[in-house]
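For reference, the structure discussed in these notes is given below.
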Amino acid sequence: ASHRREELALLRVRGAEGRASPGGRWRLSASCVTGGGAARSAVGTASRCPHGLDGRHLSSLPWFSDHPMPHIPLAAPPGFTRSPILDDVRTRYFVITSNQGENVVKSVQHNVWATQRKNEQKFTDAYRTASTVILIFAVNKSGAFQGYARMRSFPGQSTCRSDPFRGFGRLFDIEWLRLQDLPLTEVQSLRNPMDDNRQVGTSRDGQELARGVGAEVCRQIDIRVFREDPEGYEPIT
C-alpha cells in the first residue's frame with residue numbers, strides 16, 4: 001500500500017509541472033511525509049534531520065521587518081514557542097524555484113540541492129557570513145510554497161555520494177526543516193524590498209528576501225504545521 005501511495009505522490013508532483021493541482025495546492029508534504037516507505041525513511045531519521053519532517057513541528061517569531069510593508073501577520077496561536085532560527089538577525093532567506101516537482105522530492109530524499117551557476121556565488125557568500133541560510137522552496141506554477149530548508153555546506157562541497165540531478169550545478173547539502181503548503185494567495189500582500197517591492201510569490205530562483213519578509217513566510221508555513229498538530233511542534237534552533 002505504501003508503495004502505491006509513493007507512486008501516486010510522484011504522479012502528483014509531475015502534475016504540478018506546468019499547472020497547479022486542484023485548488024491551486026501541491027502537496028509535497030503528502031508525497032514525502034505521509035506516503036510512507038522509502039521516502040519517509042529518507043527524510044525522517046533523526047540523524048539527518050533532528051526536527052523531523054512529520055508535519056508536527058513549529059516555530060514562531062515576533063513580527064519584524066527591515067522596511068514597512070502593508071501586511072498584517074496572523075496572530076500566533078496559543079502554545080507557540082519562538083524559534084531562534086527565525087529570530088536571529090543574521091539569518092538570511094532565499095527563494096528556490098524548481099521547474100520539476102520531482103527534483104524537490106529528490107532533494108528531500110537526499111538532503112541535497114543544486115542551483116543555477118549564477119546563484120552559486122551569492123549562496124557561497126551568504127553561507128560564509130550568515131549564521132543560517134534558509135531556502136524557501138516553490139515548484140513553478142504550483143501556486144504555493146512547499147516548505148523550507150537550511151544550507152549545510154558550500155556549493156560544490158556536498159557529502160552526497162550520488163547526483164540525483166545529473167550534473168545540474170554543483171551539489172550542496174541542505175537540511176529540510178518544514179514540509180507544508182503555503183498558497184501564494186495567502187502571502188500576496190507580502191512585498192520584498194530587495195526585489196523592487198514585488199510580491200513575494202513572484203520571486204525568481206535565487207532571489208533574496210528581506211529578513212522580515214523571509215521570516216514571515218516561514219512563520220506562515222509554521223502556523224499551518226502547528227494547526228495540524230499543535231502538541232507536536234518543537235522550535236527550530
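Going by the C-alpha cells order, chains are called A, B, ..., each with residues numbered from 1, while ligands are numbered from 1 in the order shown.
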
Show me, as an NGL selection string, the residues that have an atom within 12 Å of Arg128 in chain A when counting only C-alpha atoms, minus same-chain residues fewer than 3 positions from it. :A and (90-92 or 121-125 or 131-133 or 151-155)

Just N, CA and C atoms for this one: save the residues we selected as a short mmCIF file (atom, residue, chain, number, x, y, z; two decimals), in the first residue's frame.
```cif
data_model
loop_
_atom_site.label_atom_id
_atom_site.label_comp_id
_atom_site.auth_asym_id
_atom_site.auth_seq_id
_atom_site.Cartn_x
_atom_site.Cartn_y
_atom_site.Cartn_z
N ARG A 90 20.92 37.56 11.95
CA ARG A 90 21.94 37.18 10.97
C ARG A 90 21.47 36.07 10.03
N THR A 91 20.22 35.62 10.18
CA THR A 91 19.66 34.64 9.26
C THR A 91 19.31 35.32 7.94
N ARG A 92 19.63 34.66 6.83
CA ARG A 92 19.29 35.18 5.50
C ARG A 92 18.37 34.20 4.79
N GLN A 121 27.57 31.90 -6.39
CA GLN A 121 28.42 32.83 -5.64
C GLN A 121 27.65 33.52 -4.52
N LYS A 122 26.41 33.93 -4.79
CA LYS A 122 25.64 34.59 -3.73
C LYS A 122 25.33 33.62 -2.59
N PHE A 123 25.09 32.35 -2.91
CA PHE A 123 24.86 31.37 -1.86
C PHE A 123 26.14 31.10 -1.08
N THR A 124 27.27 31.07 -1.78
CA THR A 124 28.56 30.89 -1.11
C THR A 124 28.83 32.03 -0.14
N ASP A 125 28.61 33.26 -0.60
CA ASP A 125 28.84 34.42 0.25
C ASP A 125 27.91 34.43 1.45
N SER A 131 24.58 33.51 9.93
CA SER A 131 24.51 32.44 10.92
C SER A 131 23.73 31.24 10.38
N THR A 132 22.71 31.51 9.56
CA THR A 132 21.90 30.47 8.93
C THR A 132 21.41 31.00 7.59
N VAL A 133 21.39 30.12 6.58
CA VAL A 133 20.82 30.46 5.28
C VAL A 133 19.60 29.57 5.06
N MET A 151 20.82 25.64 4.45
CA MET A 151 22.06 25.18 3.84
C MET A 151 22.95 24.53 4.89
N ARG A 152 23.65 23.46 4.47
CA ARG A 152 24.56 22.76 5.36
C ARG A 152 25.96 22.63 4.78
N SER A 153 26.20 23.18 3.59
CA SER A 153 27.55 23.18 3.04
C SER A 153 27.64 24.23 1.95
N PHE A 154 28.86 24.54 1.55
CA PHE A 154 29.07 25.43 0.40
C PHE A 154 28.71 24.69 -0.89
N PRO A 155 28.30 25.40 -1.94
CA PRO A 155 28.13 24.75 -3.24
C PRO A 155 29.41 24.06 -3.68
#
```

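If you look at CA of Pro77 in chain A and CA of Ile136 in chain A, they are 22.5 Å away from each other.
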
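When only C-alpha atoms are used to compute distances to Val89 in chain A, the closest of the residues A:Gly214, A:Pro235, A:Pro230, A:Pro164 turns out to be A:Gly214.
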
Got a sec: who's within 12 Å of Gly169 in chain A, counting only C-alpha atoms, leaving out chain neighbours fewer than 6 positions off, as a PyMOL selection string? chain A and resi 112-121+155-158+163
